[in-house]
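What follows is a short report on a single structure.
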Amino acid sequence: MDLVKKRLSPSSFLNETACADLFDPKGNLLLKKGLFINESIRKRIKNHEVYVLQNHNSLIHRTKNIKKIPKDGYVNLVGSLWSIYHEARMIEAEQIEKTVEFVEEILNKFSVQDIHMDFYSGRLNYSLFKKNDYELFKHVINVALLSALIGTRLGYEEKELRDLTLGAFLHDLGKLRIPRAILNKPAGLTEEEFAIMKRHPLIGEGLLINTPLLPGVVAIIKEHHERWNGLGYPYGLKGNDIHRNAQIVAVADVFEALTADRPYRKGLPPYHALEMIIAESGKDFNPKVVQALKESLTLYPENTRISLNTGEVGVVIAVPIQKPIRPLIHLLFDREGRCLHQDTYVNLMQDSTRFIERVEFEE
């Protein structure tokens, strides 16, 4: 047993008894599990001075202690993108080179697992930019990071990964030439408006006509809306006639769009979005790319509070490498909503009768 340095919030306990042993910052026991939480303990919880013990399992991949990408790294990267997107005209080679440098810096300094966990630790702060533009910036950056994750799972080498990530950063460049009334419309587009929107891949390609970008980068910009079954646009390409990079960005693009908040709807939970992507495997998307996405995502990060189909409530304490969608759960409440006073664990890898029904991700 190890003392996990995670402060508890007042909402960590849903009734008057502790559902875990409580410790102070030095590791001294404050209150045994199952005992009444008095006013003194409650104040310490409110002041973030209380910690819990968690089991460790050597067969389980831990998702904690992962480096976060420094804010400055994002600011530099987004600043470079801003110089490209804000102008939205014939792009200068120097601007592309600056963006390539920042992509390489991120990929050199941080593992894909670092990027992965930062992707899910919270959306980035884009207060640097005008409100009308910031949703597009969030989208392209998150698509790029997720594309890098998928590419690594598929065995991309360093140069391939760089080109994939750069192309993903630039994939929606053409949208800056789409009227904002269409781009930011808080409802469904008319047939005429959608026809205009569908032009953005070719517009983006045109903006980069005089830059020394490699085919694998340009292909992403013009083919990321093509579909495995040939029903995409603008060319109606099918299967492996679509560049492999564009196949990856197509999946990342849709996944990020499903999970992002929109003016007219809340984003879907990642596990629900993944289910929708899987349903389109072999139709809209290359099954190998969908499988890589599935294997890459930790949909239930450690300490995520979940509800099982049985009505039981618990928290994720570890995630198996081989099947991250079936984590190890520490149950807090039984199916009747009663606090469990004995440590009870459910290994979803071994228990096929239980599954996660609802998830509440930490803000």
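Just remember, in the structure tokens the first chain shown is A, the second B, etc., residues are 1-based per chain, and ligands are 1-based in the order shown.
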Range 258-301 of chain A near range 316-335 of chain A within 12 Å: what's each residue's closest atom pair and its distance in Å to one decimal, counting only C-alpha atoms, ordered by chain then ascending residue number, as a tab-separated table?
residue	atom	partner	partner_atom	distance
A:Pro270	CA	A:Ile325	CA	11.1
A:Tyr271	CA	A:Ile325	CA	8.4
A:His272	CA	A:Ile325	CA	11.7
A:Leu274	CA	A:Ile325	CA	10.5
A:Glu275	CA	A:Ile325	CA	11.2
A:Gln291	CA	A:Lys323	CA	11.6
A:Leu293	CA	A:Pro324	CA	11.4
A:Lys294	CA	A:Ile325	CA	8.4
A:Glu295	CA	A:Pro324	CA	7.2
A:Ser296	CA	A:Pro324	CA	8.4
A:Leu297	CA	A:Pro324	CA	7.3
A:Thr298	CA	A:Pro324	CA	5.8
A:Leu299	CA	A:Ile325	CA	6.5
A:Tyr300	CA	A:Val316	CA	6.8
A:Pro301	CA	A:Val316	CA	6.9
Need the shell around Trp228 in chain A: protein/DNA/RNA residues with any atom at most 9 Å away, counting only C-alpha atoms. Skip same-chain ones fewer than 5 positions apart. Format as a ChimeraX atom specification? /A:237-242,247,281-286
How would the residues just picked look written out with C-alpha atoms as an mmCIF file, in the first residue's frame?
data_model
loop_
_atom_site.group_PDB
_atom_site.id
_atom_site.type_symbol
_atom_site.label_atom_id
_atom_site.label_comp_id
_atom_site.auth_asym_id
_atom_site.auth_seq_id
_atom_site.Cartn_x
_atom_site.Cartn_y
_atom_site.Cartn_z
ATOM 1 C CA LEU A 237 -11.712 8.326 -52.771
ATOM 2 C CA LYS A 238 -12.100 4.826 -51.368
ATOM 3 C CA GLY A 239 -10.044 2.489 -49.172
ATOM 4 C CA ASN A 240 -6.295 2.765 -49.516
ATOM 5 C CA ASP A 241 -6.656 5.245 -52.366
ATOM 6 C CA ILE A 242 -6.922 7.661 -49.439
ATOM 7 C CA GLN A 247 -7.161 8.075 -42.875
ATOM 8 C CA SER A 281 -15.244 0.826 -38.649
ATOM 9 C CA GLY A 282 -15.071 -0.678 -42.128
ATOM 10 C CA LYS A 283 -17.591 1.866 -43.382
ATOM 11 C CA ASP A 284 -16.391 5.415 -42.833
ATOM 12 C CA PHE A 285 -13.019 4.446 -41.370
ATOM 13 C CA ASN A 286 -10.140 2.022 -41.904
#
CA of Glu256 in chain A to CA of Val143 in chain A, distance in Å rounded to a single decimal: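 Going from CA of Glu256 in chain A over to CA of Val143 in chain A, I get 6.3 Å.
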Residues within 8 Å of Ala252 in chain A, only C-alpha atoms, excluding chain neighbours under 5 positions, as number ranges by chain: A: 143-144, 146-147
Include C-alpha atoms and write out the residues we just selected as a PDB file, in the first residue's frame.
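And here is the file that came out, result03.pdb:
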ATOM      1  CA  VAL A 143      -6.778  16.494 -33.537  1.00  0.00           C
ATOM      2  CA  ALA A 144      -3.023  16.789 -34.067  1.00  0.00           C
ATOM      3  CA  LEU A 146      -4.624  12.495 -31.078  1.00  0.00           C
ATOM      4  CA  SER A 147      -3.327  11.789 -34.598  1.00  0.00           C
TER       5      SER A 147
END
DSSP on the backbone: what in range 133-338 of chain A comes out strand (DSSP E), as a list in words?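 Across range 133-338 of chain A, those assigned strand (DSSP E) are Arg305, Ile306, Ser307, Leu308, Val313, Gly314, Val315, Val316, Ile317, Ala318, Leu328, Ile329, His330, Leu331, Leu332 and Phe333 of chain A.
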Counting only C-alpha atoms, what is within 8 Å of range 190-202 of chain A, bar same-chain residues fewer than 3 positions away, as a PyMOL selection string? chain A and resi 171-175+177-178+182-183+205-206+221-225+233-234
Take the residues from that selection and write them out as a PDB file, in the first residue's frame, keeping C-alpha atoms.
ATOM      1  CA  HIS A 171      -5.958  20.144 -41.745  1.00  0.00           C
ATOM      2  CA  ASP A 172      -8.723  22.752 -41.341  1.00  0.00           C
ATOM      3  CA  LEU A 173      -6.797  25.703 -42.740  1.00  0.00           C
ATOM      4  CA  GLY A 174      -9.373  26.142 -45.510  1.00  0.00           C
ATOM      5  CA  LYS A 175     -12.111  26.886 -42.979  1.00  0.00           C
ATOM      6  CA  ARG A 177     -11.977  31.216 -45.919  1.00  0.00           C
ATOM      7  CA  ILE A 178     -15.464  29.912 -45.118  1.00  0.00           C
ATOM      8  CA  ILE A 182     -21.651  29.257 -41.766  1.00  0.00           C
ATOM      9  CA  LEU A 183     -18.638  28.196 -39.722  1.00  0.00           C
ATOM     10  CA  GLU A 205      -4.689  22.953 -50.403  1.00  0.00           C
ATOM     11  CA  GLY A 206      -4.714  26.136 -52.473  1.00  0.00           C
ATOM     12  CA  ILE A 221      -5.471  18.786 -45.821  1.00  0.00           C
ATOM     13  CA  LYS A 222      -7.309  17.735 -48.965  1.00  0.00           C
ATOM     14  CA  GLU A 223      -8.361  14.176 -48.044  1.00  0.00           C
ATOM     15  CA  HIS A 224      -9.311  14.206 -44.339  1.00  0.00           C
ATOM     16  CA  HIS A 225     -13.030  14.136 -45.243  1.00  0.00           C
ATOM     17  CA  TYR A 233     -15.513  14.379 -50.217  1.00  0.00           C
ATOM     18  CA  PRO A 234     -14.115  16.189 -52.163  1.00  0.00           C
TER      19      PRO A 234
END
